[in-house]
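S.K.: Quick one: the structure is below, questions incoming.
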Amino acid sequence: MTQVPASIEKTVALLAGADYVADRSLATVLFLALRMGRPLFLEGEAGVGKTELAKVLAKTLDRPLIRLQCYEGLDISSAVYEWNHAAQMIEIRLREATGSAEGDALRSDIFSERFLIRRPVLQALGGEPGRAPVLLIDELDRTDEAFEAFLLEVLSDHQVTIPEFGTIRAAEPPIVVITTNRTREIHDALKRRCLYHWLDYPSAERELDIVQRKAPGAGADLSREIVAYVQKLRAADLFKAPGVAETIDWATALTELDALALDPQLVSDTLGVLLKYQDDIARIEKGEGREMLNAVKRELALG
């Protein structure tokens with residue numbers, strides 16, 4: 001098992017070893033979260049690498065990754081635990097048949113570990129000492145405030161209280177990464193239990209490094225044009241700007257087409273890799289995209 005990094009520089013190197021290019025501010029907050037044993041709360045636009053960070057962290061630290069994908073209507077029985085009601089009913093019938101269905105003893109037995117189904121949050125609290133998992137609570141903003149409130153005990157005390165069973169506390173707290181796309185505000189009570197970081201779109205230099213690592217088949221010149229074009233798209237006030245994931249997808253797609261450089265037709269034909277709304281695509285295809293491409297060519301030619 002890889003040890004938790006001992007410095008910010010080693011945190012940067014750890015992530016870079018898995019081709020995750022982090023700037024110093026992200027590496028600093030991650031380093032502190034690991035050292036202080038605090039959850040890391042990542043907020044930012046979709047596609048900037050929030051979820052990927054948790055995956056890379058689990059991989060580089062050789063820890064299990066437990067992912068809780070949040071959605072509207074997510075409840076405790078899906079996220080934390082539930083009782084195996086079918087097995088409980090069978091146990092009750094068997095006890096009744098043998099005449100041993102005594103009240104308190106039966107209740108104690110059917111609400112025991114044997115009938116407890118552990119969902120992601122409870123699984124994360126049951127990690128082995130020295131190898132606690134990475135718990136990714138992804139897109140928390142999709143859930144409701146009631147679920148947020150339930151998480152407070154997990155995040156602050158690393159435990160879950162089950163009324164019929166008691167309190168289950170982690171022998172070693174999991175490494176927790178929470179992501180949100182900011183479709184709604186998360187309550188301050190939850191944020192206070194975490195270290196916060198806004199993950200923005202990368203600079204052109206860092207995005208070029210990412211493309212060269214993730215899509216090495218794209219040549220150096222094409223990679224520079226791709227990054228410069230995407231950076232201009234993000235400044236165009238589109239309904240949904242492309243994220244880093246879309247940049248990598250575009251570089252991969254252009255590589256599959258054996259492209260060596262961008263041209264208007266190639267950009268138009270592949271815009272669906274970058275943009276996901278027809279209004280955005282139509283706006284770029286109507287001429288704005290050609291102006292962007294010309295500007296990219298001029299700027300790169302000037303160095």
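By order of appearance in the structure tokens: chains A, B, ..., then residues from 1 within every chain, and ligands from 1 in the order shown.
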Name the residues in contact with His197 in chain A at a cut-off of 10 Å, using only C-alpha atoms, excluding same-chain residues fewer than 4 positions from it; report them as a ChimeraX atom specification.
M.R.: /A:25-26,28-30,40-44,179
S.K.: Take the residues that were just selected and, keeping C-alpha atoms, output them as a JSON list (two decimals), in the first residue's frame.
M.R.:
[["chain", "number", "residue", "atom", "x", "y", "z"],
["A", 25, "SER", "CA", -3.62, 24.93, -4.79],
["A", 26, "LEU", "CA", -5.45, 21.65, -5.40],
["A", 28, "THR", "CA", -2.24, 21.72, -1.10],
["A", 29, "VAL", "CA", -5.85, 21.23, -0.04],
["A", 30, "LEU", "CA", -5.66, 17.53, -0.87],
["A", 40, "LEU", "CA", -12.45, 17.12, 0.79],
["A", 41, "PHE", "CA", -15.34, 19.10, -0.70],
["A", 42, "LEU", "CA", -14.79, 19.81, -4.40],
["A", 43, "GLU", "CA", -17.06, 22.23, -6.19],
["A", 44, "GLY", "CA", -16.90, 23.24, -9.84],
["A", 179, "THR", "CA", -18.23, 16.60, -5.36]]
S.K.: I'd like the neighbourhood of Glu207 in chain A as a PyMOL selection string, where a residue qualifies if any of its atoms comes within 9 Å (using only C-alpha atoms), though same-chain residues fewer than 3 positions away should be ignored.
M.R.: chain A and resi 21+201-204+210-212+227+244+247
S.K.: Residues near range 121-133 of chain A, anyone? I mean within 10 Å using only C-alpha atoms, not counting same-chain ones fewer than 6 positions away, as number ranges by chain.
M.R.: A: 1-3, 58, 61-68, 76, 78-81, 151, 154, 158-160, 168-176
S.K.: Can you write just those residues out, N, CA, C and O atoms, as a tab-separated table (two decimals), in the first residue's frame?
M.R.:
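Here's the written file result.tsv:
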chain	number	residue	atom	x	y	z
A	1	MET	N	0.84	-1.20	0.00
A	1	MET	CA	0.00	0.00	0.00
A	1	MET	C	0.87	1.25	0.00
A	1	MET	O	1.84	1.33	0.74
A	2	THR	N	0.57	2.22	-0.84
A	2	THR	CA	1.31	3.47	-0.89
A	2	THR	C	0.93	4.35	0.29
A	2	THR	O	-0.23	4.48	0.64
A	3	GLN	N	1.94	4.95	0.91
A	3	GLN	CA	1.68	5.81	2.06
A	3	GLN	C	1.12	7.16	1.61
A	3	GLN	O	1.35	7.61	0.48
A	58	ALA	N	-7.62	6.79	-5.11
A	58	ALA	CA	-7.77	5.38	-4.72
A	58	ALA	C	-6.72	4.52	-5.42
A	58	ALA	O	-6.12	3.64	-4.80
A	61	LEU	N	-3.04	5.38	-4.07
A	61	LEU	CA	-2.83	4.98	-2.67
A	61	LEU	C	-3.14	3.50	-2.45
A	61	LEU	O	-3.03	3.00	-1.33
A	62	ASP	N	-3.56	2.82	-3.54
A	62	ASP	CA	-3.91	1.40	-3.46
A	62	ASP	C	-4.98	1.17	-2.40
A	62	ASP	O	-4.83	0.31	-1.53
A	63	ARG	N	-6.05	1.95	-2.50
A	63	ARG	CA	-7.19	1.80	-1.58
A	63	ARG	C	-8.43	1.42	-2.40
A	63	ARG	O	-8.56	1.83	-3.55
A	64	PRO	N	-9.36	0.70	-1.79
A	64	PRO	CA	-10.64	0.45	-2.49
A	64	PRO	C	-11.37	1.77	-2.72
A	64	PRO	O	-11.32	2.65	-1.86
A	65	LEU	N	-12.03	1.87	-3.85
A	65	LEU	CA	-12.87	3.04	-4.13
A	65	LEU	C	-14.33	2.65	-3.96
A	65	LEU	O	-14.81	1.72	-4.61
A	66	ILE	N	-15.02	3.32	-3.06
A	66	ILE	CA	-16.45	3.10	-2.86
A	66	ILE	C	-17.16	4.36	-3.32
A	66	ILE	O	-16.93	5.44	-2.78
A	67	ARG	N	-18.03	4.20	-4.31
A	67	ARG	CA	-18.66	5.38	-4.92
A	67	ARG	C	-20.15	5.41	-4.60
A	67	ARG	O	-20.86	4.43	-4.84
A	68	LEU	N	-20.58	6.54	-4.08
A	68	LEU	CA	-22.01	6.78	-3.87
A	68	LEU	C	-22.43	7.84	-4.87
A	68	LEU	O	-22.11	9.01	-4.71
A	76	ILE	N	-31.71	6.71	2.74
A	76	ILE	CA	-30.75	6.01	3.59
A	76	ILE	C	-30.65	4.54	3.23
A	76	ILE	O	-29.56	3.96	3.26
A	78	SER	N	-30.75	3.15	0.42
A	78	SER	CA	-29.91	2.94	-0.77
A	78	SER	C	-28.47	3.37	-0.53
A	78	SER	O	-27.55	2.86	-1.17
A	79	ALA	N	-28.27	4.33	0.37
A	79	ALA	CA	-26.94	4.91	0.55
A	79	ALA	C	-26.19	4.36	1.76
A	79	ALA	O	-24.96	4.29	1.75
A	80	VAL	N	-26.92	3.95	2.80
A	80	VAL	CA	-26.25	3.62	4.06
A	80	VAL	C	-26.50	2.15	4.46
A	80	VAL	O	-25.57	1.35	4.51
A	81	TYR	N	-27.74	1.82	4.71
A	81	TYR	CA	-28.04	0.44	5.13
A	81	TYR	C	-29.52	0.16	4.96
A	81	TYR	O	-30.33	1.08	4.83
A	151	LEU	N	-25.68	12.91	6.66
A	151	LEU	CA	-24.24	12.74	6.46
A	151	LEU	C	-23.41	13.42	7.54
A	151	LEU	O	-22.22	13.12	7.68
A	154	VAL	N	-21.70	11.08	9.84
A	154	VAL	CA	-20.67	10.29	9.15
A	154	VAL	C	-19.40	11.13	8.96
A	154	VAL	O	-18.29	10.65	9.21
A	158	HIS	N	-17.42	9.89	11.92
A	158	HIS	CA	-17.10	8.64	11.21
A	158	HIS	C	-17.92	7.48	11.77
A	158	HIS	O	-17.38	6.40	12.04
A	159	GLN	N	-19.18	7.71	11.96
A	159	GLN	CA	-20.04	6.68	12.51
A	159	GLN	C	-21.47	6.83	11.99
A	159	GLN	O	-21.85	7.88	11.47
A	160	VAL	N	-22.21	5.73	12.11
A	160	VAL	CA	-23.62	5.71	11.73
A	160	VAL	C	-24.40	5.11	12.88
A	160	VAL	O	-24.00	4.08	13.44
A	168	ILE	N	-22.33	2.21	14.71
A	168	ILE	CA	-21.20	1.57	14.05
A	168	ILE	C	-20.17	2.66	13.75
A	168	ILE	O	-20.47	3.61	13.03
A	169	ARG	N	-18.97	2.50	14.30
A	169	ARG	CA	-17.93	3.51	14.13
A	169	ARG	C	-16.76	2.91	13.36
A	169	ARG	O	-16.39	1.74	13.59
A	170	ALA	N	-16.18	3.69	12.47
A	170	ALA	CA	-15.06	3.19	11.66
A	170	ALA	C	-13.82	2.98	12.53
A	170	ALA	O	-13.49	3.84	13.35
A	171	ALA	N	-13.16	1.84	12.34
A	171	ALA	CA	-11.89	1.61	13.02
A	171	ALA	C	-10.85	2.59	12.49
A	171	ALA	O	-9.97	3.05	13.23
A	172	GLU	N	-10.95	2.91	11.23
A	172	GLU	CA	-10.10	3.94	10.61
A	172	GLU	C	-10.96	4.72	9.64
A	172	GLU	O	-11.57	4.12	8.75
A	173	PRO	N	-11.07	6.04	9.78
A	173	PRO	CA	-11.95	6.83	8.91
A	173	PRO	C	-11.58	6.68	7.44
A	173	PRO	O	-10.39	6.64	7.09
A	174	PRO	N	-12.57	6.59	6.57
A	174	PRO	CA	-12.27	6.55	5.13
A	174	PRO	C	-11.78	7.92	4.66
A	174	PRO	O	-11.97	8.93	5.33
A	175	ILE	N	-11.12	7.91	3.51
A	175	ILE	CA	-10.76	9.16	2.84
A	175	ILE	C	-11.99	9.59	2.04
A	175	ILE	O	-12.42	8.86	1.15
A	176	VAL	N	-12.56	10.74	2.39
A	176	VAL	CA	-13.84	11.14	1.78
A	176	VAL	C	-13.63	12.28	0.79
A	176	VAL	O	-13.00	13.30	1.12
S.K.: Write out as JSON, numbers by chain which residues come within 12 Å of Lys10 in chain A when counting only C-alpha atoms, dropping same-chain ones fewer than 4 positions away.
M.R.: {"A": [2, 3, 4, 5, 6, 14, 15, 16, 17, 22, 24, 27, 28, 30, 31, 60]}
S.K.: Running DSSP on the backbone, which parts of range 18-231 of chain A land in strand (DSSP E or B), as a PyMOL selection string?
M.R.: chain A and resi 40-43+65-69+81-83+116-118+128+131+134-138+159-162+166-169+175-180+195-198
S.K.: Take the residues from that selection and write them out as a compact mmCIF listing (two decimals), in the first residue's frame, keeping N, CA, C and O atoms.
M.R.:
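The resulting part-v4.txt:
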# COMPACT_ATOMS: atom_id res chain seq x y z
N LEU A 40 -12.79 16.09 1.79
CA LEU A 40 -12.45 17.12 0.79
C LEU A 40 -13.70 17.42 -0.02
O LEU A 40 -14.27 16.52 -0.65
N PHE A 41 -14.14 18.67 0.01
CA PHE A 41 -15.34 19.10 -0.70
C PHE A 41 -14.91 19.83 -1.96
O PHE A 41 -14.33 20.92 -1.90
N LEU A 42 -15.19 19.22 -3.12
CA LEU A 42 -14.79 19.81 -4.40
C LEU A 42 -16.01 20.34 -5.12
O LEU A 42 -16.97 19.60 -5.37
N GLU A 43 -15.95 21.60 -5.47
CA GLU A 43 -17.06 22.23 -6.19
C GLU A 43 -16.53 22.78 -7.51
O GLU A 43 -15.39 23.27 -7.56
N LEU A 65 -12.03 1.87 -3.85
CA LEU A 65 -12.87 3.04 -4.13
C LEU A 65 -14.33 2.65 -3.96
O LEU A 65 -14.81 1.72 -4.61
N ILE A 66 -15.02 3.32 -3.06
CA ILE A 66 -16.45 3.10 -2.86
C ILE A 66 -17.16 4.36 -3.32
O ILE A 66 -16.93 5.44 -2.78
N ARG A 67 -18.03 4.20 -4.31
CA ARG A 67 -18.66 5.38 -4.92
C ARG A 67 -20.15 5.41 -4.60
O ARG A 67 -20.86 4.43 -4.84
N LEU A 68 -20.58 6.54 -4.08
CA LEU A 68 -22.01 6.78 -3.87
C LEU A 68 -22.43 7.84 -4.87
O LEU A 68 -22.11 9.01 -4.71
N GLN A 69 -23.10 7.40 -5.93
CA GLN A 69 -23.58 8.34 -6.95
C GLN A 69 -24.91 8.91 -6.50
O GLN A 69 -25.89 8.17 -6.36
N TYR A 81 -27.74 1.82 4.71
CA TYR A 81 -28.04 0.44 5.13
C TYR A 81 -29.52 0.16 4.96
O TYR A 81 -30.33 1.08 4.83
N GLU A 82 -29.86 -1.11 4.96
CA GLU A 82 -31.24 -1.53 5.08
C GLU A 82 -31.26 -2.92 5.68
O GLU A 82 -30.24 -3.61 5.71
N TRP A 83 -32.41 -3.31 6.16
CA TRP A 83 -32.56 -4.64 6.72
C TRP A 83 -33.04 -5.60 5.65
O TRP A 83 -33.84 -5.24 4.79
N LEU A 116 -28.21 -7.39 8.32
CA LEU A 116 -27.91 -6.00 7.95
C LEU A 116 -27.26 -5.96 6.57
O LEU A 116 -26.25 -6.62 6.33
N ILE A 117 -27.84 -5.20 5.65
CA ILE A 117 -27.28 -5.03 4.31
C ILE A 117 -26.53 -3.71 4.28
O ILE A 117 -27.13 -2.65 4.49
N ARG A 118 -25.24 -3.77 4.05
CA ARG A 118 -24.41 -2.57 4.07
C ARG A 118 -24.37 -1.92 2.69
O ARG A 118 -23.96 -2.55 1.73
N GLU A 128 -10.54 -1.96 6.38
CA GLU A 128 -9.50 -2.55 7.22
C GLU A 128 -8.58 -1.46 7.78
O GLU A 128 -8.25 -0.51 7.07
N ARG A 131 -5.86 0.42 5.71
CA ARG A 131 -6.24 0.42 4.30
C ARG A 131 -7.70 0.87 4.14
O ARG A 131 -8.49 0.23 3.46
N VAL A 134 -11.35 4.87 -0.14
CA VAL A 134 -11.72 6.22 -0.57
C VAL A 134 -13.21 6.21 -0.83
O VAL A 134 -13.70 5.42 -1.65
N LEU A 135 -13.96 7.05 -0.11
CA LEU A 135 -15.40 7.16 -0.30
C LEU A 135 -15.69 8.38 -1.16
O LEU A 135 -15.44 9.51 -0.73
N LEU A 136 -16.19 8.14 -2.36
CA LEU A 136 -16.57 9.23 -3.26
C LEU A 136 -18.07 9.45 -3.17
O LEU A 136 -18.86 8.57 -3.53
N ILE A 137 -18.47 10.61 -2.65
CA ILE A 137 -19.89 11.00 -2.63
C ILE A 137 -20.06 11.97 -3.79
O ILE A 137 -19.74 13.15 -3.69
N ASP A 138 -20.53 11.45 -4.91
CA ASP A 138 -20.47 12.18 -6.17
C ASP A 138 -21.77 12.94 -6.46
O ASP A 138 -22.86 12.38 -6.38
N GLN A 159 -19.18 7.71 11.96
CA GLN A 159 -20.04 6.68 12.51
C GLN A 159 -21.47 6.83 11.99
O GLN A 159 -21.85 7.88 11.47
N VAL A 160 -22.21 5.73 12.11
CA VAL A 160 -23.62 5.71 11.73
C VAL A 160 -24.40 5.11 12.88
O VAL A 160 -24.00 4.08 13.44
N THR A 161 -25.50 5.74 13.24
CA THR A 161 -26.35 5.22 14.30
C THR A 161 -27.59 4.58 13.69
O THR A 161 -28.34 5.25 12.97
N ILE A 162 -27.77 3.28 13.97
CA ILE A 162 -28.94 2.54 13.48
C ILE A 162 -29.85 2.29 14.68
O ILE A 162 -29.43 1.63 15.63
N GLY A 166 -27.70 0.02 16.96
CA GLY A 166 -26.69 0.73 17.73
C GLY A 166 -25.81 1.57 16.82
O GLY A 166 -26.16 1.84 15.67
N THR A 167 -24.67 1.97 17.33
CA THR A 167 -23.76 2.83 16.56
C THR A 167 -22.59 2.03 16.00
O THR A 167 -21.96 1.25 16.72
N ILE A 168 -22.33 2.21 14.71
CA ILE A 168 -21.20 1.57 14.05
C ILE A 168 -20.17 2.66 13.75
O ILE A 168 -20.47 3.61 13.03
N ARG A 169 -18.97 2.50 14.30
CA ARG A 169 -17.93 3.51 14.13
C ARG A 169 -16.76 2.91 13.36
O ARG A 169 -16.39 1.74 13.59
N ILE A 175 -11.12 7.91 3.51
CA ILE A 175 -10.76 9.16 2.84
C ILE A 175 -11.99 9.59 2.04
O ILE A 175 -12.42 8.86 1.15
N VAL A 176 -12.56 10.74 2.39
CA VAL A 176 -13.84 11.14 1.78
C VAL A 176 -13.63 12.28 0.79
O VAL A 176 -13.00 13.30 1.12
N VAL A 177 -14.14 12.10 -0.41
CA VAL A 177 -14.16 13.16 -1.43
C VAL A 177 -15.61 13.40 -1.82
O VAL A 177 -16.30 12.47 -2.23
N ILE A 178 -16.07 14.63 -1.65
CA ILE A 178 -17.44 15.01 -2.00
C ILE A 178 -17.37 15.96 -3.20
O ILE A 178 -16.58 16.90 -3.20
N THR A 179 -18.21 15.70 -4.21
CA THR A 179 -18.23 16.60 -5.36
C THR A 179 -19.62 17.20 -5.52
O THR A 179 -20.62 16.61 -5.14
N THR A 180 -19.66 18.39 -6.09
CA THR A 180 -20.94 19.03 -6.43
C THR A 180 -20.72 19.93 -7.64
O THR A 180 -19.66 20.54 -7.79
N LEU A 195 -12.80 20.33 4.08
CA LEU A 195 -11.92 21.32 3.47
C LEU A 195 -12.46 21.59 2.07
O LEU A 195 -12.74 20.66 1.32
N TYR A 196 -12.61 22.85 1.73
CA TYR A 196 -13.30 23.25 0.49
C TYR A 196 -12.28 23.65 -0.58
O TYR A 196 -11.26 24.28 -0.30
N HIS A 197 -12.62 23.28 -1.83
CA HIS A 197 -11.80 23.76 -2.96
C HIS A 197 -12.68 23.92 -4.19
O HIS A 197 -13.44 23.01 -4.54
N TRP A 198 -12.57 25.09 -4.81
CA TRP A 198 -13.25 25.31 -6.09
C TRP A 198 -12.31 24.86 -7.21
O TRP A 198 -11.20 25.38 -7.34
S.K.: Report as a ChimeraX atom specification all protein, DNA and RNA residues lying within 9 Å of Ser112 in chain A, evaluated on only C-alpha atoms, omitting residues in the same chain fewer than 4 positions from it.
M.R.: /A:107-108,116,164-165
S.K.: So, counting only C-alpha atoms, which residue among A:Val48, A:Cys194, A:Ala235, A:Ile186 is closest to Leu155 in chain A?
M.R.: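 Nearest candidate to Leu155 in chain A out of A:Val48, A:Cys194, A:Ala235, A:Ile186: A:Cys194.
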S.K.: Extract, using only C-alpha atoms, all DNA, RNA and protein residues at most 10 Å from Ala295 in chain A, discarding same-chain residues fewer than 6 positions from it, and format them as an MDAnalysis selection string.
M.R.: chainID A and resid 228:229 232 289 301
S.K.: Between A:Ala105, A:Leu274, A:Leu190, A:Met89, single out the one closest to Glu145 in chain A, counting only C-alpha atoms.
M.R.: A:Leu190
